[in-house]
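S.K.: Structure file coords.cif (mmCIF, C-alpha atoms) is given on the next line.
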data_structure
#
loop_
_atom_site.label_atom_id
_atom_site.label_comp_id
_atom_site.auth_asym_id
_atom_site.auth_seq_id
_atom_site.Cartn_x
_atom_site.Cartn_y
_atom_site.Cartn_z
CA MET S 1 0.00 0.00 0.00
CA GLY S 2 3.05 2.32 -0.08
CA SER S 3 3.43 5.22 -2.48
CA ALA S 4 6.78 6.79 -3.27
CA ARG S 5 5.12 10.13 -4.01
CA ALA S 6 3.56 10.57 -0.61
CA GLY S 7 6.43 9.00 1.31
CA THR S 8 9.32 10.99 -0.14
CA PRO S 9 10.12 14.24 1.69
CA ARG S 10 10.45 17.16 -0.63
CA ARG S 11 12.57 20.08 0.44
CA GLY S 12 14.40 22.99 -1.10
CA PRO S 13 13.25 25.44 -3.78
CA ARG S 14 10.46 24.38 -6.14
CA PRO S 15 11.17 24.03 -9.87
CA ALA S 16 9.63 26.84 -11.91
CA GLY S 17 6.04 26.15 -12.97
CA SER S 18 5.39 23.44 -10.40
CA ASP S 19 2.15 23.16 -8.47
CA ALA S 20 2.69 25.16 -5.29
CA ARG S 21 -0.79 24.47 -3.92
CA GLY S 22 -0.34 20.73 -4.52
CA ASP S 23 3.10 20.83 -2.90
CA ILE S 24 1.61 22.54 0.16
CA LEU S 25 -1.12 19.89 0.40
CA ASP S 26 1.47 17.08 0.11
CA GLY S 27 3.64 18.71 2.77
CA ALA S 28 0.63 19.22 5.02
CA ARG S 29 -0.41 15.56 4.72
CA ARG S 30 3.07 14.44 5.77
CA SER S 31 3.29 16.96 8.63
CA PHE S 32 -0.17 16.21 10.04
CA ALA S 33 0.42 12.46 9.84
CA ALA S 34 3.75 12.80 11.64
CA HIS S 35 2.95 15.45 14.26
CA GLY S 36 -0.86 15.53 14.56
CA PHE S 37 -3.00 18.63 14.17
CA ALA S 38 -1.70 20.38 17.29
CA GLY S 39 1.94 19.51 16.63
CA ALA S 40 2.14 20.61 12.99
CA SER S 41 2.84 24.29 12.25
CA LEU S 42 2.13 26.28 9.09
CA ARG S 43 5.80 27.29 9.06
CA GLY S 44 6.90 23.66 9.27
CA ILE S 45 4.47 22.69 6.50
CA ALA S 46 5.84 25.46 4.28
CA ARG S 47 9.37 24.17 4.89
CA GLU S 48 8.27 20.60 4.14
CA ALA S 49 6.64 21.80 0.90
CA GLY S 50 9.60 23.97 -0.10
CA VAL S 51 7.53 27.15 -0.36
CA ASP S 52 7.48 30.52 1.36
CA PRO S 53 5.15 30.56 4.40
CA ALA S 54 3.27 33.51 2.89
CA LEU S 55 2.16 31.22 0.06
CA VAL S 56 0.48 28.90 2.55
CA HIS S 57 -1.53 31.85 3.88
CA HIS S 58 -2.32 32.87 0.31
CA TYR S 59 -3.95 29.53 -0.51
CA PHE S 60 -5.49 28.56 2.86
CA ALA S 61 -7.40 30.47 5.55
CA GLY S 62 -5.59 28.81 8.45
CA LYS S 63 -4.41 25.52 9.89
CA ALA S 64 -7.87 23.95 10.23
CA ASP S 65 -8.73 24.94 6.66
CA LEU S 66 -5.48 23.47 5.35
CA PHE S 67 -6.01 20.30 7.40
CA ILE S 68 -9.49 19.70 5.97
CA HIS S 69 -8.26 20.24 2.40
CA ALA S 70 -5.13 18.13 2.84
CA VAL S 71 -6.66 15.03 4.39
CA LEU S 72 -10.27 15.11 3.22
CA VAL S 73 -11.52 17.53 0.67
CA ASP S 74 -9.11 18.23 -2.12
CA PRO S 75 -11.56 18.43 -5.02
CA GLU S 76 -8.90 17.91 -7.68
CA ARG S 77 -8.50 14.28 -6.67
CA ALA S 78 -10.46 11.14 -7.46
CA THR S 79 -10.65 10.57 -3.72
CA PHE S 80 -12.86 13.66 -3.25
CA PRO S 81 -15.59 12.28 -0.96
CA GLY S 82 -18.40 13.60 -3.15
CA GLU S 83 -16.98 11.64 -6.10
CA VAL S 84 -16.61 8.52 -3.97
CA ALA S 85 -20.25 8.77 -2.87
CA ALA S 86 -21.36 9.12 -6.50
CA ARG S 87 -19.54 5.90 -7.42
CA VAL S 88 -21.12 4.07 -4.48
CA LEU S 89 -24.57 5.05 -5.75
CA ASP S 90 -23.85 4.07 -9.36
CA GLY S 91 -25.39 0.57 -9.44
CA PRO S 92 -28.22 -1.58 -8.07
CA HIS S 93 -29.56 -0.84 -4.59
CA GLU S 94 -28.93 -4.36 -3.30
CA THR S 95 -25.17 -4.03 -3.76
CA ILE S 96 -24.68 -0.53 -2.28
CA GLY S 97 -23.01 -2.09 0.77
CA VAL S 98 -20.34 -3.88 -1.26
CA ARG S 99 -19.67 -0.81 -3.42
CA TRP S 100 -19.49 1.43 -0.32
CA VAL S 101 -16.71 -0.69 1.22
CA ARG S 102 -14.86 -1.04 -2.09
CA GLU S 103 -14.91 2.69 -2.91
CA PHE S 104 -14.02 3.65 0.65
CA LEU S 105 -10.92 1.45 0.44
CA ARG S 106 -10.00 2.74 -3.03
CA ALA S 107 -10.21 6.32 -1.80
CA TRP S 108 -8.02 5.81 1.29
CA ASP S 109 -5.59 3.09 0.12
CA VAL S 110 -3.86 5.62 -2.16
CA ASP S 111 -1.11 7.98 -1.04
CA GLY S 112 1.08 6.13 1.40
CA GLY S 113 -1.21 3.46 2.78
CA GLY S 114 -3.65 5.43 4.83
CA GLU S 115 -1.42 8.30 5.94
CA ARG S 116 -4.33 10.69 5.30
CA PHE S 117 -6.75 8.53 7.28
CA ARG S 118 -4.36 8.41 10.25
CA ALA S 119 -4.04 12.19 10.12
CA LEU S 120 -7.84 12.52 9.92
CA ILE S 121 -8.45 10.37 12.98
CA HIS S 122 -5.64 11.98 14.96
CA GLY S 123 -6.98 15.45 14.14
CA ALA S 124 -10.61 14.57 14.82
CA SER S 125 -9.82 12.96 18.18
CA GLY S 126 -7.62 15.82 19.34
CA ASP S 127 -9.27 19.05 18.22
CA GLU S 128 -12.94 20.04 18.51
CA CYS S 129 -12.69 22.62 15.73
CA VAL S 130 -11.29 20.05 13.28
CA LEU S 131 -13.91 17.53 14.38
CA ALA S 132 -16.73 20.01 13.76
CA ARG S 133 -15.45 20.79 10.27
CA ILE S 134 -15.04 17.10 9.39
CA ARG S 135 -18.60 16.38 10.56
CA ALA S 136 -20.06 19.30 8.62
CA PHE S 137 -18.19 18.41 5.44
CA LEU S 138 -18.91 14.68 5.48
CA GLY S 139 -22.53 15.34 6.44
CA ALA S 140 -23.10 17.52 3.40
CA GLU S 141 -20.88 15.82 0.80
CA VAL S 142 -21.19 12.15 1.62
CA PHE S 143 -23.88 11.48 4.12
CA ALA S 144 -26.77 13.39 2.57
CA ARG S 145 -26.20 11.64 -0.77
CA LEU S 146 -25.98 8.15 0.67
CA VAL S 147 -29.05 8.76 2.86
CA ALA S 148 -31.13 9.93 -0.08
CA ALA S 149 -30.12 6.81 -1.98
CA THR S 150 -31.04 4.31 0.68
CA GLY S 151 -34.66 4.72 -0.42
CA SER S 152 -35.86 3.54 2.96
CA ASP S 153 -37.57 5.08 5.95
CA HIS S 154 -35.21 6.37 8.62
CA GLY S 155 -32.45 6.82 6.06
CA PRO S 156 -30.18 9.03 8.21
CA GLN S 157 -30.11 6.63 11.13
CA ARG S 158 -29.56 3.59 8.86
CA ALA S 159 -26.70 5.32 7.07
CA LYS S 160 -25.11 6.26 10.41
CA LEU S 161 -25.14 2.62 11.54
CA ALA S 162 -23.51 1.60 8.25
CA GLY S 163 -21.02 4.42 8.77
CA THR S 164 -19.88 2.95 12.09
CA GLN S 165 -18.78 -0.22 10.25
CA VAL S 166 -17.00 1.72 7.51
CA ILE S 167 -15.06 3.97 9.87
CA GLY S 168 -14.11 0.97 12.02
CA LEU S 169 -12.70 -0.76 8.97
CA GLY S 170 -10.63 2.35 8.29
CA LEU S 171 -9.36 2.44 11.85
CA ALA S 172 -8.34 -1.25 11.76
CA ARG S 173 -6.71 -1.01 8.32
CA TYR S 174 -4.97 2.37 8.48
CA VAL S 175 -4.50 3.35 12.13
CA VAL S 176 -4.13 0.13 14.15
CA ARG S 177 -2.93 -1.72 11.01
CA VAL S 178 -4.30 -5.07 12.13
CA PRO S 179 -2.57 -7.94 10.24
CA GLY S 180 -5.12 -9.72 8.05
CA ILE S 181 -7.16 -6.51 7.71
CA ALA S 182 -4.46 -4.00 6.75
CA ASP S 183 -3.05 -6.31 4.07
CA ALA S 184 -6.32 -7.89 2.90
CA ASP S 185 -7.51 -7.62 -0.70
CA PRO S 186 -10.03 -4.73 -1.00
CA ASP S 187 -12.49 -6.84 -2.99
CA ASP S 188 -12.42 -9.61 -0.35
CA LEU S 189 -13.14 -7.03 2.36
CA ALA S 190 -15.98 -5.59 0.27
CA GLN S 191 -17.51 -9.05 -0.12
CA ALA S 192 -17.18 -9.81 3.60
CA ILE S 193 -18.24 -6.43 5.05
CA GLY S 194 -20.59 -5.07 2.38
CA PRO S 195 -23.54 -7.29 3.46
CA ALA S 196 -23.26 -5.90 7.02
CA LEU S 197 -23.80 -2.39 5.63
CA GLN S 198 -26.64 -3.61 3.41
CA ARG S 199 -28.35 -5.10 6.45
CA TYR S 200 -28.31 -1.72 8.22
CA LEU S 201 -29.88 -0.12 5.15
CA ASP S 202 -32.62 -2.69 4.50
CA ASP S 203 -33.43 -4.94 7.47
CA ASP S 204 -35.69 -4.58 10.49
CA LEU S 205 -33.93 -2.78 13.33
CA PRO S 206 -35.11 -1.60 16.79
CA PRO S 207 -37.79 1.09 16.10
CA ARG S 208 -36.61 3.35 18.93
CA LEU S 209 -33.08 3.33 17.50
CA LEU S 210 -34.32 4.09 13.98
CA SER S 211 -36.40 7.06 15.11
CA GLY S 212 -33.59 8.37 17.36
CA GLY S 213 -31.69 10.10 14.60
CA ASP S 214 -34.63 11.76 12.83
CA THR S 215 -34.83 14.81 15.07
CA ASP S 216 -31.11 15.52 15.19
CA GLU S 217 -30.19 16.19 11.58
CA MET M 1 -23.50 9.72 29.64
CA GLY M 2 -21.90 12.37 31.84
CA SER M 3 -20.25 11.70 35.16
CA ALA M 4 -19.58 14.40 37.72
CA ARG M 5 -16.66 12.45 39.12
CA ALA M 6 -14.68 12.33 35.89
CA GLY M 7 -15.64 15.81 34.76
CA THR M 8 -14.70 17.74 37.90
CA PRO M 9 -11.12 18.95 38.01
CA ARG M 10 -9.43 18.10 41.27
CA ARG M 11 -6.61 20.24 42.49
CA GLY M 12 -4.83 21.06 45.71
CA PRO M 13 -3.60 18.76 48.45
CA ARG M 14 -5.21 15.36 48.86
CA PRO M 15 -7.11 14.53 52.08
CA ALA M 16 -5.21 12.13 54.32
CA GLY M 17 -5.82 8.46 53.53
CA SER M 18 -7.17 9.05 50.02
CA ASP M 19 -6.22 6.88 47.08
CA ALA M 20 -3.17 8.55 45.51
CA ARG M 21 -2.84 5.97 42.74
CA GLY M 22 -6.52 6.37 41.85
CA ASP M 23 -6.17 10.15 41.87
CA ILE M 24 -3.20 9.92 39.52
CA LEU M 25 -5.19 7.69 37.14
CA ASP M 26 -8.14 10.13 37.22
CA GLY M 27 -5.84 13.08 36.58
CA ALA M 28 -4.11 11.20 33.76
CA ARG M 29 -7.45 10.37 32.09
CA ARG M 30 -8.43 14.05 32.11
CA SER M 31 -5.01 15.24 30.91
CA PHE M 32 -4.70 12.70 28.10
CA ALA M 33 -8.26 13.41 26.91
CA ALA M 34 -7.59 17.16 26.90
CA HIS M 35 -4.03 17.29 25.53
CA GLY M 36 -3.41 13.95 23.81
CA PHE M 37 -0.53 11.63 24.58
CA ALA M 38 2.19 13.94 23.26
CA GLY M 39 0.71 17.06 24.87
CA ALA M 40 0.22 15.70 28.40
CA SER M 41 3.17 15.80 30.81
CA LEU M 42 3.77 13.73 33.95
CA ARG M 43 4.26 17.00 35.86
CA GLY M 44 0.91 18.34 34.62
CA ILE M 45 -0.81 15.07 35.51
CA ALA M 46 0.65 15.23 39.04
CA ARG M 47 -0.67 18.79 39.39
CA GLU M 48 -4.10 17.74 38.05
CA ALA M 49 -4.15 14.87 40.56
CA GLY M 50 -2.92 17.04 43.45
CA VAL M 51 0.08 14.81 44.18
CA ASP M 52 3.84 15.24 44.16
CA PRO M 53 5.38 14.33 40.76
CA ALA M 54 7.66 11.83 42.52
CA LEU M 55 4.56 9.82 43.44
CA VAL M 56 3.66 9.43 39.75
CA HIS M 57 7.11 7.94 39.13
CA HIS M 58 6.67 5.70 42.16
CA TYR M 59 3.50 4.09 40.78
CA PHE M 60 4.16 4.11 37.01
CA ALA M 61 7.21 3.35 34.86
CA GLY M 62 6.67 6.28 32.50
CA LYS M 63 4.14 8.15 30.41
CA ALA M 64 3.26 5.24 28.12
CA ASP M 65 2.81 2.95 31.13
CA LEU M 66 0.56 5.48 32.87
CA PHE M 67 -1.42 6.03 29.66
CA ILE M 68 -2.14 2.32 29.21
CA HIS M 69 -3.24 1.97 32.83
CA ALA M 70 -5.34 5.12 32.84
CA VAL M 71 -7.33 4.53 29.67
CA LEU M 72 -7.33 0.78 29.24
CA VAL M 73 -6.02 -1.57 31.83
CA ASP M 74 -6.80 -0.55 35.39
CA PRO M 75 -7.47 -4.01 36.88
CA GLU M 76 -9.34 -2.65 39.89
CA ARG M 77 -12.26 -1.63 37.71
CA ALA M 78 -15.19 -3.55 36.27
CA THR M 79 -14.17 -2.14 32.90
CA PHE M 80 -10.93 -4.16 32.89
CA PRO M 81 -10.95 -5.58 29.35
CA GLY M 82 -10.33 -9.15 30.54
CA GLU M 83 -13.47 -8.94 32.73
CA VAL M 84 -15.46 -7.51 29.86
CA ALA M 85 -14.40 -10.38 27.60
CA ALA M 86 -15.41 -12.90 30.26
CA ARG M 87 -18.91 -11.39 30.41
CA VAL M 88 -19.21 -11.50 26.63
CA LEU M 89 -18.46 -15.23 26.68
CA ASP M 90 -20.88 -15.99 29.54
CA GLY M 91 -23.93 -17.18 27.56
CA PRO M 92 -25.03 -19.03 24.42
CA HIS M 93 -22.81 -18.88 21.34
CA GLU M 94 -25.56 -17.53 19.08
CA THR M 95 -25.84 -14.30 21.08
CA ILE M 96 -22.12 -13.51 21.50
CA GLY M 97 -22.48 -10.64 19.04
CA VAL M 98 -25.24 -8.91 21.04
CA ARG M 99 -23.37 -9.38 24.34
CA TRP M 100 -20.12 -8.13 22.78
CA VAL M 101 -21.74 -4.82 21.76
CA ARG M 102 -23.59 -4.45 25.07
CA GLU M 103 -20.53 -5.11 27.26
CA PHE M 104 -18.32 -2.90 25.09
CA LEU M 105 -20.76 -0.01 25.61
CA ARG M 106 -21.07 -0.69 29.33
CA ALA M 107 -17.31 -0.62 29.72
CA TRP M 108 -16.77 2.67 27.85
CA ASP M 109 -19.97 4.60 28.67
CA VAL M 110 -18.80 5.07 32.27
CA ASP M 111 -16.51 7.89 33.40
CA GLY M 112 -17.49 10.97 31.52
CA GLY M 113 -19.09 9.63 28.39
CA GLY M 114 -16.22 8.11 26.56
CA GLU M 115 -13.41 10.41 27.71
CA ARG M 116 -11.18 7.34 28.08
CA PHE M 117 -12.06 6.09 24.60
CA ARG M 118 -11.23 9.50 23.06
CA ALA M 119 -7.89 9.45 24.85
CA LEU M 120 -7.25 5.90 23.64
CA ILE M 121 -7.90 6.74 19.99
CA HIS M 122 -5.94 9.99 20.15
CA GLY M 123 -2.98 8.20 21.73
CA ALA M 124 -3.12 5.24 19.34
CA SER M 125 -3.29 7.44 16.25
CA GLY M 126 -0.47 9.72 17.36
CA ASP M 127 2.19 7.54 18.95
CA GLU M 128 3.62 4.26 17.65
CA CYS M 129 4.81 3.17 21.10
CA VAL M 130 1.34 3.61 22.60
CA LEU M 131 -0.23 1.85 19.62
CA ALA M 132 2.11 -1.13 20.01
CA ARG M 133 1.26 -1.44 23.71
CA ILE M 134 -2.49 -1.18 23.07
CA ARG M 135 -2.27 -3.87 20.39
CA ALA M 136 -0.24 -6.21 22.60
CA PHE M 137 -2.54 -5.75 25.60
CA LEU M 138 -5.83 -6.14 23.73
CA GLY M 139 -4.44 -9.08 21.77
CA ALA M 140 -3.60 -11.00 24.92
CA GLU M 141 -6.44 -9.92 27.24
CA VAL M 142 -9.41 -9.64 24.92
CA PHE M 143 -8.71 -11.00 21.52
CA ALA M 144 -7.29 -14.40 22.41
CA ARG M 145 -10.29 -15.12 24.67
CA LEU M 146 -12.89 -14.10 22.12
CA VAL M 147 -11.15 -16.04 19.37
CA ALA M 148 -11.02 -19.23 21.42
CA ALA M 149 -14.74 -18.86 22.12
CA THR M 150 -15.83 -18.44 18.53
CA GLY M 151 -15.50 -22.19 18.15
CA SER M 152 -15.07 -21.82 14.41
CA ASP M 153 -12.29 -22.28 11.91
CA HIS M 154 -10.32 -19.10 11.17
CA GLY M 155 -11.25 -17.68 14.56
CA PRO M 156 -8.62 -14.89 14.62
CA GLN M 157 -9.64 -13.44 11.28
CA ARG M 158 -13.36 -13.68 12.11
CA ALA M 159 -12.84 -11.92 15.43
CA LYS M 160 -10.82 -9.18 13.72
CA LEU M 161 -13.67 -8.50 11.29
CA ALA M 162 -16.10 -8.29 14.21
CA GLY M 163 -13.61 -6.01 15.96
CA THR M 164 -13.72 -3.51 13.07
CA GLN M 165 -17.46 -3.05 13.72
CA VAL M 166 -17.00 -2.68 17.48
CA ILE M 167 -14.21 -0.09 17.24
CA GLY M 168 -16.19 1.86 14.62
CA LEU M 169 -19.15 2.01 16.99
CA GLY M 170 -16.83 3.39 19.66
CA LEU M 171 -15.45 6.01 17.29
CA ALA M 172 -18.94 7.15 16.25
CA ARG M 173 -20.29 7.22 19.81
CA TYR M 174 -17.35 8.62 21.77
CA VAL M 175 -15.04 10.48 19.37
CA VAL M 176 -17.19 11.88 16.53
CA ARG M 177 -20.28 11.82 18.82
CA VAL M 178 -22.73 11.26 15.98
CA PRO M 179 -26.29 12.26 17.04
CA GLY M 180 -28.50 9.18 17.11
CA ILE M 181 -25.49 6.94 17.87
CA ALA M 182 -23.88 8.84 20.77
CA ASP M 183 -27.24 9.18 22.59
CA ALA M 184 -28.78 5.83 21.59
CA ASP M 185 -29.83 3.26 24.18
CA PRO M 186 -27.05 0.65 24.60
CA ASP M 187 -29.49 -2.26 24.37
CA ASP M 188 -30.96 -0.92 21.12
CA LEU M 189 -27.45 -0.65 19.68
CA ALA M 190 -26.67 -4.19 20.84
CA GLN M 191 -29.81 -5.51 19.12
CA ALA M 192 -29.03 -3.61 15.90
CA ILE M 193 -25.28 -4.22 15.67
CA GLY M 194 -24.84 -7.57 17.47
CA PRO M 195 -26.09 -9.64 14.50
CA ALA M 196 -23.44 -8.03 12.26
CA LEU M 197 -20.75 -9.34 14.62
CA GLN M 198 -22.42 -12.75 14.80
CA ARG M 199 -22.38 -12.96 11.00
CA TYR M 200 -18.60 -12.43 10.98
CA LEU M 201 -18.21 -15.22 13.52
CA ASP M 202 -20.51 -17.80 11.90
CA ASP M 203 -21.27 -17.19 8.21
CA ASP M 204 -19.49 -18.02 4.98
CA LEU M 205 -16.90 -15.37 4.11
CA PRO M 206 -14.33 -15.11 1.28
CA PRO M 207 -11.86 -18.02 1.86
CA ARG M 208 -8.79 -15.96 0.93
CA LEU M 209 -9.76 -13.33 3.51
CA LEU M 210 -10.35 -15.95 6.21
CA SER M 211 -6.96 -17.58 5.65
CA GLY M 212 -5.17 -14.20 5.49
CA GLY M 213 -4.91 -13.73 9.22
CA ASP M 214 -3.83 -17.24 10.18
CA THR M 215 -0.15 -16.75 9.52
CA ASP M 216 0.16 -13.33 11.16
CA GLU M 217 -0.73 -14.00 14.78
#
Please re-express this file's structure in structure tokens.
M.R.:
Amino acid sequence: MGSARAGTPRRGPRPAGSDARGDILDGARRSFAAHGFAGASLRGIAREAGVDPALVHHYFAGKADLFIHAVLVDPERATFPGEVAARVLDGPHETIGVRWVREFLRAWDVDGGGERFRALIHGASGDECVLARIRAFLGAEVFARLVAATGSDHGPQRAKLAGTQVIGLGLARYVVRVPGIADADPDDLAQAIGPALQRYLDDDLPPRLLSGGDTDE
Amino acid sequence: MGSARAGTPRRGPRPAGSDARGDILDGARRSFAAHGFAGASLRGIAREAGVDPALVHHYFAGKADLFIHAVLVDPERATFPGEVAARVLDGPHETIGVRWVREFLRAWDVDGGGERFRALIHGASGDECVLARIRAFLGAEVFARLVAATGSDHGPQRAKLAGTQVIGLGLARYVVRVPGIADADPDDLAQAIGPALQRYLDDDLPPRLLSGGDTDE
């Protein structure tokens, strides 16, 4: 799952015409993964990216903004969560669960074997501001789409239950790096775990639990 | 899910005859939850607990040792993971999944609504030494017992798959605090999520995935 691009430090002056914004995002991903949200500095990220610190402030509103773009949002990439959600929904309803697991793994397996996911979890568990922005972004870009597509009553609550399984898979594969999960074939994991998601979307569940989420979102 | 005991800062000199080791563990839980593993200091924890820093060094071998005891291990508590695993196994095989979810929630709902779980995830995602100790402890105390009890072929890999669902529930309830999951009734969650775990323990799964974990542990 390694990637030379994400794993290779890049220092010194940038070649003319290179992508400064992309370099900053790469440097930020490495810095956040190594030092966490609190430990990484904009100055250190600029040094890692080989750019002037003023350029970081030119492209991003602050550390939280840069964090969200670096680990989650970057819309220029195929891993943009909105794009991932669209691919999950592109197919028959009865296999949404399998596609959800497969596309989740495709999106996070790239770029250094889950370095971005580790940074995401470390940031979300350590900083309330980062957590609030992650929740707002995923709620709008990913969650609302998947909920609408479940086509069932109590869609938000069903999608949240499915989400607990997906995020747990990410934690086991990218953060804890459990042998047998971290190195498993993505399609095998999709076949094994997808039906658990599908069950949350389609099957009978405790009525009080299903109605619990309706008033909150 | 709140608890006045865990949420109330405690400073100043301890009353005579009080439990210094317990006070240190309480102070450590609050400090690690607030500042993360890297950000908390033994001196700050001693101040939070109202004890002399030398006493922290008397009871614990270092910061990683104190972290593991504070958030995970403390054997004087009913939440000791080995005790939790024993309660999961105390009943019929076909309801292990429901008991696993219920006992997991009972163990982590106490003490300030998941403050320990947040500290655990923040520590595990930010420090390789802490992660290695968490993996070793849970592997020996929890995982080996649950695996032996599955009574199926490929027990380790099946238990790991079930573990991804359990840890994802913890992340949604205690770290991200998803409305509808964070405030749901534990028994409702056990009824909804337990069968997903049971399926990992008992049902047909991709053979290559099942054999993947056998050589690693």
S.K.: Tell me which protein, DNA and RNA residues are within 10 Å of segment 39-45 of chain S, counting only C-alpha atoms, leaving out same-chain ones fewer than 4 positions away, and put them as a list in words.
M.R.: Asp23, Ile24, Leu25, Asp26, Gly27, Ala28, Arg29, Arg30, Ser31, Phe32, Ala33, Ala34, His35, Ala49, Gly50, Val51, Asp52, Pro53, Ala54, Val56, His57, Gly62, Lys63, Leu66 and Phe67 of chain S; Ala38 and Gly39 of chain M
S.K.: So that I can see what lies close to Arg135 of chain S, please list as a list in words the residues with an atom at most 12 Å from it, counting all atoms listed in the file and leaving out residues fewer than 6 positions away in the same chain.
M.R.: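 Neighbouring residues, sequence-local ones excluded: Ile68, Leu72, Leu120, Ala124, Glu128, Cys129, Glu141, Val142, Phe143, Ala144 and Glu217 of chain S; Ala172, Val175, Val176, Arg177, Val178 and Pro179 of chain M.
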S.K.: Pick from S:Val130, S:Leu209, S:Ile121, S:Leu55: nearest to Gln157 of chain S, with all atoms listed in the file counted?
M.R.: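 Smallest distance to Gln157 of chain S is found for S:Leu209.
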S.K.: With distances taken over only C-alpha atoms, which residue among M:Gly139, M:Gly180, M:Gly36, M:Pro81 lies nearest Pro156 of chain M?
M.R.: M:Gly139
S.K.: Would you kindly return, as a list in words, each protein, DNA or RNA residue with an atom no farther than 10 Å from any atom of Pro207 of chain S, considering only C-alpha atoms and excluding same-chain residues fewer than 2 positions away?
M.R.: His154, Asp204, Leu205, Leu209, Leu210, Ser211 and Gly212 of chain S; Asp188 and Ala192 of chain M
S.K.: Evaluate the PyMOL selection byres ((chain S and resi 190) around 12) on the structure here and hand back the selected residues as an MDAnalysis selection string.
M.R.: (chainID S and resid 88 95:106 165:166 169 181 184:189 191:198) or (chainID M and resid 161 205:206 209)
S.K.: Which of these, S:His58, S:Arg87, S:Arg47, S:Arg199, has the shortest distance to chain M once you count only C-alpha atoms?
M.R.: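 Between S:His58, S:Arg87, S:Arg47, S:Arg199, the residue approaching chain M most closely is S:Arg199.
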S.K.: Between M:Phe80, M:Trp108, M:Phe37, M:Phe60, single out the one closest to chain S, counting all atoms listed in the file.
M.R.: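 For chain S, the nearest of the candidates is M:Phe37.
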S.K.: Restricting the calculation to all atoms listed in the file, which member of S:Ile134, S:Ala149, S:Ala140, S:Val110 is positioned closest to chain M?
M.R.: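 Closest to chain M of all the choices is S:Ile134.
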S.K.: Could you tell me how far atom CA of Val73 of chain M sits from atom CA of Glu48 of chain M, in Å to one decimal place?
M.R.: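 The value is 20.4 Å.
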S.K.: Provide the atom CA of Ala46 of chain M to atom CA of Val71 of chain M distance in Å, to one decimal place.
M.R.: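 Here the two named atoms are 16.3 Å from each other.
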S.K.: What is the distance between atom CA of His93 of chain M and atom CA of Gly168 of chain S, in Å to one decimal?
M.R.: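 Result for atom CA of His93 of chain M versus atom CA of Gly168 of chain S: 23.6 Å, one decimal.
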S.K.: Taking all atoms listed in the file into account, name the residue in M:Arg145, M:His122, M:Arg133, M:Arg173 that is nearest to chain S.
M.R.: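 Distance minimum relative to chain S lands on M:His122.
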